[in-house]
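**Student:** So that we are looking at the same thing, I have put the structure below in structure tokens.
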Amino acid sequence: MKLGVQTHNIVNDSNPSEGFAMIARAGFACADFSLNSYLSNASIYRDELNDFFSRPIRELETFFLPHKKGADKAGVTIHQMHMPYPIYVPGGSEEQNDYLWNQVAPKSMELCHYFNCPYIVVHGFKLAYYLGTGEKEWEQTEKFIHSIAPMAKEMGITICIENLYSGLGGHLVEGPCCDAKKAAERIDRINERYNAPVLGFCFDTGHANLVGIDFERFIGTLGNRLKVLHIHDNDGIADLHQIPFTFSRSRGNKTSTDWEGFARGLGKIGFDGVLSFETAPVLETFPEEMKQDALGFIARIGGYFAGRIWN
Amino acid sequence: MTSRKDDGVNIVCAPTGIIPVKRPGRGIAYLSDAGFENMLLDFSLCCPPEELVKAGKGELAAKPGRRNEEVRCTGVAENNGDDSKENFQYSERIKEGMLLLAEQCKKSGMQMKIAHAPYLPRNYKDSNLNDLLTVLAKESIRVCAQAGCQCIVIRPLSAGIPDEDIWSRNREYYMELAEAAQKYDVQILLENQCKDRNGHLVRGICADIYEAISWVDSFNETLGQERFGFCMDVGVSNLCGQNMYDFISGLGERLKAVILRDSDGNHENALLPFTSADNGQAQTDWLGLIRGLRERGFAGEMIIDMKDTFSAFPPFLHPELLKWAKTIADYFKWQIGMENVLKKYPSRVLFGAGNMCRNYMKCYGEKYPPRYTCDNDSSIWGTVFCGLEVKNPQSLKELPEECAVFICNVYYEEIREQLQEMGIRNPIEYFSDEYMPSYYFDRLEMKNI
């Protein structure tokens with residue numbers, strides 16, 4: 001079972017080879033390429049779009065050539081990437097949403113293909129407040145999926161929807177794709193329509209923990225539709241993206257996140273994908289001198305999970 | 001099953017923290033003065049969870065100087081294999097204490113239609129009290145019926161039961177309880193649970209909507225009758241960050257009761273609704289809750305549980321706090337029943353040609369079309385807004401008497417006074433777009449708002 005980690009805070013544009021080498025030295029064979037770093041969600045919500053994705057695709061490919069070479073040289077496979085999000089801003093200008101939908105999304109698909117990356121994670125639209133129900137919200141997300149699904153089929157990419165949260169006065173609650181049963185039905189229906197695995201699921205442990213989801217049950221319901229992981233930990237209150245086993249909320253000092261259930265669930269469905277960590281903030285928490293060790297420790301935890309899943 | 005006259009949500013106050021079981025008189029009087037007409041028959045008043053735990057550990061017996069009643073509660077763990085005497089003593093306590101309370105309520109005109117059986121703390125992990133809980137649940141059903149309650153919320157057994165045995169053990173448990181429930185014609189309501197994962201409260205039994213549905217339906221199918229229903233604890237849903245609209249929609253007719261309580265989403269509190277807020281925003285998804293309950297025309301029990309807020313307030317302010325709690329409960333009832341009010345009248349007009357009118361037309365315009373709207377802004381008289389003609393309010397004088405005027409403007413009182421001064425005798429209702437089934441992505445910038 002391979003291990004992966006997101007590139008954000010490790011791989012930088014000035015010397016991508018160095019970052020990928022660091023990933024490899026830590027014990028990771030795969031990377032989750034943080035394409036979303038090139039257009040942050042905060043800037044999208046503030047309608048402060050940059051023109052990164054307005055460049056022609058060839059120019060973008062040239063820009064990412066050193067990244068691709070760096071990964072190859074280090075022996076790191078780009079296993080998954082994250083599309084910038086959101087791709088639709090409710091109440092946003094037509095120009096803004098047009099750029100997101102018609103420039104950012106398709107070019108993300110092309111870049112995913114350029115990296116020979118088989119999975120791209122997208123965020124479902126957060127529209128339930130306006131539209132009233134999760135079903136109507138999904139209809140809009142599905143329209144978006146249909147807009148890129150033909151590219152996915154042609155390029156052999158699986159688009160992965162991810163369990164998300166929303167905020168209510170600082171309290172994080174269920175967002176799109178938190179119902180595994182519905183997600184499974186939707187994935188099956190869409191894949192059947194395209195006669196190809198264009199849609200899959202990305203299970204985010206941190207987001208699930210925030211809303212008290214039963215990991216084992218959720219993973220079990222998804223079954224082989226689960227393609228990609230975002231492994232990280234938090235205190236159940238804030239989306240901290242920290243190292244697993246970090247948090248305890250009782251005097252017993254036992255983990256307050258259900259890592260046993262996580263491993264059991266993956267074991268039961270025979271998950272054979274990549275154990276990929278979404279722990280970029282950790283790389284900022286530790287001093288620069290400890291970055292490599294911190295990354296290595298995360299990989300060790302991945303190794304532990306792999307052992308638990310297969311035993 | 002006996003059925004209650006369907007006149008919308010039935011507001012019920014949870015007495016825990018408000019009414020001491022041994023001296024309930026003043027608390028009941030406070031509730032009554034505040035306008036509450038229904039109270040939850042909460043058996044945890046007699047058997048608080050913390051005390052059951054102490055009994056399980058034999059701690060009460062170990063401490064000298066306990067009053068007889070407390071000491072009698074002990075010994076469950078000490079007498080493994082022979083706890084029938086202690087169970088009996090607890091049952092007696094329930095019988096005596098709760099029937100006395102019920103009697104006092106009756107005298108004060110306070111009704112009791114729903115009960116809640118004793119339960120253990122979330123973090124209790126030992127199975128040694130499960131037999132006692134079974135005895136107490138059965139006794140609670142009996143006393144519940146005797147007190148005139150029609151339904152009782154009974155939490156599933158979870159302490160010390162391995163995950164893989166939860167379903168089979170509870171099936172056995174609830175089928176055993178169903179016999180008593182049938183005998184006394186009481187409906188058992190399951191309740192969504194959270195569980196304590198080393199201090200983090202996560203989704204427990206029946207928190208998953210599909211599990212909740214399958215448990216209720218499976219029990220009812222086995223019995224061949226609707227002996228089981230569901231009580232949604234909003235506090236638990238909030239702790240688990242659940243989509244309340246989906247939960248309510250999924251439950252459908254199985255949903256018989258709702259426990260209304262607020263929290264910050266991280267600690268299991270019972271706060272007065274709307275009081276847990278941060279950065280100007282509520283921390284509970286009241287929109288999802290009201291959307292769901294309104295859509296299905298919920299007309300069950302709505303239990304307001306505010307024991308933490310109540311306890312935190314100085315006693316001097318308790319009577320006023322309870323009145324405020326009743327006002328909030330009435331607000332929920334109004335919001336949930338909004339569509340019932342719209343459909344009550346054969347015809348209607350709106351007062352106000354702004355965003356609230358626009359939202360009305362978006363969500364209800366087709367189903368409950370108004371004849372027209374009116375507005376005090378003379379510059380828009382004769383124009384059309386959201387498909388409605390905007391008229392001078394003086395036009396309202398010509399309305400047929402069965403036509404209601406729905407005020408679609410937050411200046412409710414002022415407009416009501418205006419209409420009354422104009423001599424309008426038609427029914428006047430307030431419309432609110434605070435919790436609508438859906439919203440536009442934008443708001444209109446009105447010159448007069």
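By convention in this document, the chains of the structure tokens carry letters A, B, ... by their order, each chain's residues are numbered from 1, and ligands are numbered from 1 in the order they are shown.
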Compile the residues of chain A that lie within 10 Å of chain B, evaluated using only C-alpha atoms, and express the compilation as a tab-separated table (two decimals) with C-alpha atoms, in the first residue's frame.
**Tutor:**
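Contents of the output file result.tsv:
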```tsv
chain	number	residue	atom	x	y	z
A	89	VAL	CA	-19.94	31.31	-6.07
A	90	PRO	CA	-23.60	31.95	-5.24
A	91	GLY	CA	-24.30	35.58	-5.85
A	92	GLY	CA	-20.97	35.97	-7.61
A	127	LEU	CA	-26.10	26.01	-2.20
A	128	ALA	CA	-28.50	24.36	0.25
A	129	TYR	CA	-29.19	27.64	2.03
A	130	TYR	CA	-30.46	29.18	-1.19
A	131	LEU	CA	-31.98	26.20	-2.92
A	132	GLY	CA	-33.51	24.66	0.18
A	133	THR	CA	-32.41	21.05	-0.05
A	134	GLY	CA	-29.33	18.93	-0.52
A	135	GLU	CA	-31.00	17.34	-3.53
A	165	TYR	CA	-18.58	20.93	6.03
A	166	SER	CA	-20.28	24.29	6.38
A	167	GLY	CA	-20.01	26.85	9.15
A	168	LEU	CA	-22.66	28.13	11.54
A	169	GLY	CA	-21.33	30.73	13.93
A	170	GLY	CA	-18.01	28.93	14.11
A	171	HIS	CA	-19.70	25.55	14.55
A	172	LEU	CA	-18.86	23.27	11.67
A	173	VAL	CA	-21.73	21.16	10.38
A	174	GLU	CA	-22.45	18.81	7.49
A	175	GLY	CA	-21.88	20.22	4.05
A	176	PRO	CA	-22.25	18.57	0.64
A	178	CYS	CA	-21.86	13.76	3.81
A	179	ASP	CA	-24.45	11.11	3.04
A	181	LYS	CA	-25.60	6.22	0.66
A	208	ALA	CA	-15.84	13.51	8.85
A	209	ASN	CA	-14.52	13.90	12.37
A	210	LEU	CA	-15.83	17.44	12.60
A	211	VAL	CA	-19.38	16.23	12.12
A	212	GLY	CA	-19.07	13.02	14.11
A	213	ILE	CA	-19.47	10.69	11.14
A	214	ASP	CA	-18.98	6.99	11.80
A	217	ARG	CA	-19.92	2.78	8.37
A	235	ASP	CA	-10.09	18.27	17.72
A	236	GLY	CA	-13.60	17.80	16.35
A	237	ILE	CA	-14.11	21.54	16.49
A	247	PHE	CA	-5.95	15.05	19.66
A	248	SER	CA	-7.42	13.88	22.90
A	249	ARG	CA	-10.35	15.41	24.70
A	250	SER	CA	-10.44	13.49	27.93
A	251	ARG	CA	-8.18	12.84	30.88
A	252	GLY	CA	-7.67	9.32	29.61
A	253	ASN	CA	-5.56	10.87	26.84
A	254	LYS	CA	-6.90	8.50	24.23
A	255	THR	CA	-7.41	9.72	20.68
A	256	SER	CA	-10.74	11.40	20.13
A	257	THR	CA	-10.74	10.49	16.44
A	258	ASP	CA	-11.82	7.00	15.41
```
**Student:** With a distance cut-off of 10 Å and only C-alpha atoms, select the neighbouring residues of A:Phe64, excluding the residue or stretch itself and same-chain residues fewer than 4 positions from it, and output the selection as a VMD selection string.
**Tutor:** chain A and resid 13 16 58 to 60 68 to 70 111 114 to 115
**Student:** Tell me, in Å to one decimal, how far atom CA of B:Pro162 is from atom CA of B:Gly56.
**Tutor:**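 Atom-to-atom, atom CA of B:Pro162 and atom CA of B:Gly56 are spaced 19.3 Å apart.
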**Student:** Figure out the distance between atom CA of A:Ile23 and atom CA of A:Glu110, please, to one decimal in Å.
**Tutor:**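 Going from atom CA of A:Glu110 over to atom CA of A:Ile23 covers 24.2 Å.
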**Student:** Between B:Asp433, B:Glu401, B:Glu50, B:Glu268, which has the minimum distance to B:Met338 (counting only C-alpha atoms)?
**Tutor:** B:Asp433
**Student:** Any chance you could list, as a list of chain:residue names, the residues in stretch 216-298 of chain B that come up strand (DSSP E or B) when DSSP is run on the backbone?
**Tutor:**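 Matching residues for strand (DSSP E or B) in stretch 216-298 of chain B are B:Phe228, B:Gly229, B:Phe230, B:Cys231, B:Met232, B:Asp233, B:Leu255, B:Lys256, B:Ala257, B:Val258, B:Ile259, B:Leu260, B:Asp262, B:Leu271, B:Ala277, B:Asp278, B:Gln281, B:Ala282.
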**Student:** Give me the residues of stretch 122-143 of chain B that have any atom at most 12 Å from an atom of stretch 165-172 of chain B; for each, the nearest atom pair and the distance in Å, rounded to one decimal. Use only C-alpha atoms, sort by chain and number, and format it as a tab-separated table.
**Tutor:**
```
residue	atom	partner	partner_atom	distance
B:Ser127	CA	B:Arg169	CA	11.5
B:Asn130	CA	B:Arg169	CA	10.5
B:Asp131	CA	B:Arg169	CA	11.7
B:Thr134	CA	B:Asn170	CA	10.6
```
**Student:** Separation of atom CA of B:Thr16 and atom CA of B:Glu179, in Å?
**Tutor:**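 Separating atom CA of B:Thr16 from atom CA of B:Glu179 is a distance of 28.2 Å.
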